[in-house]
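Novice: Here it is, the structure, as structure tokens.
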Amino acid sequence: MLIEAPSFTRRQVLRTAGNGFGMLGLSQLLADEAQAGVAFPTHAPKAKRVIYLFMSGGPSHVDLFDHKPRLMQDQGKPLPFEKPKLERTKTGNLLPSPWSFKKHGQSGVEISELLPNLATCADELCVIRSMVADNINHNGACLQMNTGEQAFSRPSLGSWLQYGLGSENHDLPGFVVISPAQPAQGAPLWSSSFLPATYQGTLVNDLKHPIANLGNDRFKPDRQRQELDLLHRLNQSHAAERAEDSRLEARIQSFELAFRMQMQAPEAFDVDSESEVTKKMYGLDDPVTATFARQCLMARRLSERGVRTVQVYHTTTSKRTSCQLWDQHGNLKTELPNNCAATDKPVAALIKDLKARGLLEDTLIVWGGEFGRTPTAEGNNGREHHPFGFTMWMAGGGVKGGTTYGATDEFGWHATENRVHVHDLHATILHLMGMDHTKLTYRYSGRDYRLTDVSGEVVKALIA
């Protein structure tokens with residue numbers, strides 16, 4: 001496994017030495033970063049770290065966060081306006097949500113009965129009901145939501161954050177992806193693409209043994225140090241003739257990080273060391289919630305230890321490998337409640353746990369999928385893909401809790417008020433982290449690239 005190494009600076013790469021922090025030493029590396037002209041942060045950040053909860057497949061906004069009484073009123077009737085030309089299949093008539101909604105908290109945020117635990121956190125949520133994306137298929141939409149680009153390989157959000165801000169903990173990866181079952185799009189969702197390979201995400205898919213082969217029962221640390229020093233000299237000689245390829249340098253840094261991780265990583269990933277009260281709060285004692293509970297609790301442990309970005313995927317478990325969890329083309333009344341039951345308690349526990357530890361105020365939580373679902377029926381018990389108006393939410397990290405922003409029309413089809421494009425969401429996340437999205441660029445193939453391409457506006461109304 002390639003372990004992603006800490007990004008001390010964009011100009012000075014980590015070098016090996018007997019102290020395990022490189023020939024220059026940690027203090028010198030930090031001094032070099034200050035001299036390197038790094039432009040970030042550009043302003044005081046609201047958040048120091050991000051936990052991105054990605055619901056792979058596309059959660060239905062009209063069944064979870066965007067209550068539409070008009071759907072019940074016009075149940076079974078056709079949509080009274082022409083559908084967009086961008087359409088996958090011909091859906092039928094209007095399908096109301098089978099579940100009730102209530103207002104919660106002092107803010108009165110409306111949340112479906114399918115999410116009773118999250119509803120107790122209503123005053124922490126900043127619910128965006130007017131999200132829009134550009135792609136109606138999973139592959140392109142997932143790429144856009146994770147990297148800003150629909151079709152080509154581009155650096156992921158986590159990679160951009162690492163590139164711009166570096167790592168807070170030099171003994172752990174700065175960007176960790178927790179996904180027991182990989183989404184269909186796989187590694188491109190957390191790739192560093194044309195950024196140096198050291199900024200890619202470190203995948204954890206075995207929740208019991210997160211980092212394989214971390215221990216070394218054969219040699220003591222001083223012997224391992226000697227081996228790494230020799231390996232480093234050999235690799236540097238090889239890399240000198242291939243300066244344009246960052247992968248070897250990333251591999252060298254991976255060995256260095258893995259060496260340092262032997263001390264800190266086992267403790268950081270050890271969810272079982274948590275108190276019984278905490279484990280029960282997340283739902284580790286219940287087979288329904290146990291997997292996602294472990295993911296969320298691991299995310300909290302990594303975040304509080306300085307991991308910059310943790311991305312938690314709720315992904316495919318169906319025997320049909322093409323069926324993603326939140327992709328209810330059919331069996332809506334069964335599968336959506338199952339998805340909510342598996343994630344609701346762990347997500348609410350994560351919010352409350354971070355708040356109790358004083359971490360929520362500078363930890364940004366983002367929840368959502370690649371798009372929403374149609375208000376019209378696919379068959380008699382399903383919904384199609386819907387990028388024209390859907391819901392995501394954020395919490396902590398400087399956002400306005402207890403807020404509902406934007407709106408779709410009375411049927412839940414088009415975003416009609418305060419539209420928030422994927423690029424706007426990314427621009428806002430970077431702003432909360434202290435970065436100007438227009439200045440966070442990387443020159444590649446003759447042009448300056450950025451996460452938000454050539455658009456995107458910070459949605460200041462979401463910021464506390």
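Labeling convention for the structure tokens: chains A, B, ... as they appear, residues from 1 per chain, ligands from 1 in order of appearance.
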Once you count only C-alpha atoms, what closest atom pair and distance in Å to one decimal does each residue of range 40-105 of chain A within 12 Å of range 156-173 of chain A have, with rows by chain and rising residue number, as a Markdown table?

Specialist:
```
| residue | atom | partner | partner_atom | distance |
| --- | --- | --- | --- | --- |
| A:Phe40 | CA | A:Gly164 | CA | 6.0 |
| A:Pro41 | CA | A:Leu165 | CA | 7.0 |
| A:Thr42 | CA | A:Gly164 | CA | 10.1 |
| A:Pro45 | CA | A:Leu165 | CA | 10.9 |
| A:Ala47 | CA | A:Leu165 | CA | 11.7 |
| A:Lys48 | CA | A:Glu168 | CA | 9.0 |
| A:Arg49 | CA | A:Leu161 | CA | 9.1 |
| A:Val50 | CA | A:Gly158 | CA | 8.6 |
| A:Ile51 | CA | A:Gly158 | CA | 9.9 |
| A:Tyr52 | CA | A:Gly158 | CA | 9.4 |
```

Novice: Atoms to include: N, CA and C atoms. Write the selected residues as a compact mmCIF listing (two decimals), in the first residue's frame.

Specialist:
```
# COMPACT_ATOMS: atom_id res chain seq x y z
N PHE A 40 -0.78 30.26 1.41
CA PHE A 40 -1.96 29.90 2.17
C PHE A 40 -1.63 29.65 3.62
N PRO A 41 -2.56 29.92 4.54
CA PRO A 41 -3.89 30.47 4.23
C PRO A 41 -3.85 31.95 3.84
N THR A 42 -4.85 32.36 3.08
CA THR A 42 -4.91 33.76 2.63
C THR A 42 -5.69 34.64 3.60
N PRO A 45 -8.72 31.22 8.98
CA PRO A 45 -9.64 30.12 8.70
C PRO A 45 -10.70 29.98 9.79
N ALA A 47 -12.20 26.86 9.88
CA ALA A 47 -12.04 25.43 10.14
C ALA A 47 -10.59 25.02 9.94
N LYS A 48 -10.16 24.03 10.69
CA LYS A 48 -8.81 23.49 10.56
C LYS A 48 -8.79 22.15 9.84
N ARG A 49 -9.93 21.49 9.82
CA ARG A 49 -9.97 20.14 9.26
C ARG A 49 -11.37 19.87 8.70
N VAL A 50 -11.46 18.88 7.82
CA VAL A 50 -12.73 18.53 7.15
C VAL A 50 -13.01 17.04 7.33
N ILE A 51 -14.24 16.72 7.66
CA ILE A 51 -14.74 15.34 7.60
C ILE A 51 -15.87 15.34 6.58
N TYR A 52 -15.66 14.64 5.48
CA TYR A 52 -16.63 14.63 4.38
C TYR A 52 -17.32 13.27 4.37
```

Novice: Could you go through range 120-360 of chain A and tell me which residues DSSP, when run on the backbone, assigns to strand (DSSP E or B), listing them as a ChimeraX atom specification?

Specialist: /A:125-132,175-178,202-204,309-314

Novice: Keeping only C-alpha atoms, take the residues you just selected and write them out as a tab-separated table (two decimals), in the first residue's frame.

Specialist:
```tsv
chain	number	residue	atom	x	y	z
A	125	LEU	CA	-26.96	21.89	10.56
A	126	CYS	CA	-26.58	24.27	7.65
A	127	VAL	CA	-28.91	22.66	5.12
A	128	ILE	CA	-28.42	23.64	1.47
A	129	ARG	CA	-31.58	22.81	-0.50
A	130	SER	CA	-30.49	24.36	-3.78
A	131	MET	CA	-27.49	22.31	-4.86
A	132	VAL	CA	-26.99	21.78	-8.59
A	175	PHE	CA	-5.66	12.82	3.86
A	176	VAL	CA	-7.40	9.56	4.79
A	177	VAL	CA	-10.25	7.86	2.93
A	178	ILE	CA	-12.33	5.35	4.93
A	202	THR	CA	-4.57	7.01	1.92
A	203	LEU	CA	-7.29	4.39	1.55
A	204	VAL	CA	-8.49	2.44	4.58
A	309	THR	CA	-9.10	15.67	5.63
A	310	VAL	CA	-11.01	12.48	6.38
A	311	GLN	CA	-13.45	11.28	3.75
A	312	VAL	CA	-15.95	8.65	4.86
A	313	TYR	CA	-17.79	6.76	2.11
A	314	HIS	CA	-21.07	4.93	2.63
```

Novice: Residues at most 9 Å from Ala407 in chain A, counting only C-alpha atoms, excluding those fewer than 3 positions away in the same chain, as a compact mmCIF listing (two decimals) with C-alpha atoms, in the first residue's frame?

Specialist:
```txt
# COMPACT_ATOMS: atom_id res chain seq x y z
CA ASP A 66 -36.82 18.98 1.26
CA ILE A 128 -28.42 23.64 1.47
CA ARG A 129 -31.58 22.81 -0.50
CA SER A 130 -30.49 24.36 -3.78
CA MET A 131 -27.49 22.31 -4.86
CA GLY A 389 -31.85 20.64 -7.45
CA PHE A 390 -30.90 18.58 -4.40
CA THR A 404 -31.86 26.33 5.68
CA GLU A 410 -42.81 23.32 -5.11
CA GLY A 412 -38.55 19.63 -5.73
CA HIS A 414 -35.39 22.83 -10.09
CA ALA A 415 -33.24 24.84 -7.70
CA THR A 416 -35.05 28.18 -7.88
CA GLU A 417 -33.65 30.22 -5.00
CA ASN A 418 -29.96 30.84 -4.22
CA ARG A 419 -28.59 28.10 -6.48
```

Novice: Hey, can you check how far CA of Ala141 in chain A sits from CA of Gly402 in chain A?

Specialist: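 Separating CA of Ala141 in chain A from CA of Gly402 in chain A is a distance of 27.8 Å.
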
Novice: Between A:Gly148, A:Gly92, A:Pro78, A:Gly283, single out the one closest to Ala348 in chain A, counting only C-alpha atoms.

Specialist: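 Among the listed residues, A:Gly283 lies closest to Ala348 in chain A.
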
Novice: Return as a PyMOL selection string the full set of residues in range 117-152 of chain A whose backbone-based DSSP assignment is helix (DSSP H, G or I).

Specialist: chain A and resi 117-119+122-124+138-147

Novice: Using only C-alpha atoms, which residues sit within 10 Å of Met394 in chain A once same-chain residues fewer than 4 positions away are excluded, as a ChimeraX atom specification?

Specialist: /A:51-53,124-128,364-368,398-401,403,429,462

Novice: Restricting the calculation to only C-alpha atoms: of A:Leu359, A:Leu143, A:Leu350, A:Met281, which residue gets closest to Lys46 in chain A?

Specialist: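 Under the stated criterion, the closest residue is A:Leu359.
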
Novice: Would you mind telling me which residue in A:Asp229, A:Glu110, A:Glu457, A:Glu274 lies nearest to Ala122 in chain A when using only C-alpha atoms?

Specialist: A:Glu110

Novice: Please compute the CA of Tyr405 in chain A-CA of Glu113 in chain A distance, one decimal, in Å.

Specialist: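 Computing the Euclidean distance for CA of Tyr405 in chain A and CA of Glu113 in chain A yields 20.5 Å.
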
Novice: Taking into account only C-alpha atoms, which residue in the set A:Pro210, A:Pro196, A:Pro84, A:Gly105 is nearest to Ser179 in chain A?

Specialist: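 Among the listed residues, the smallest separation from Ser179 in chain A belongs to A:Pro210.
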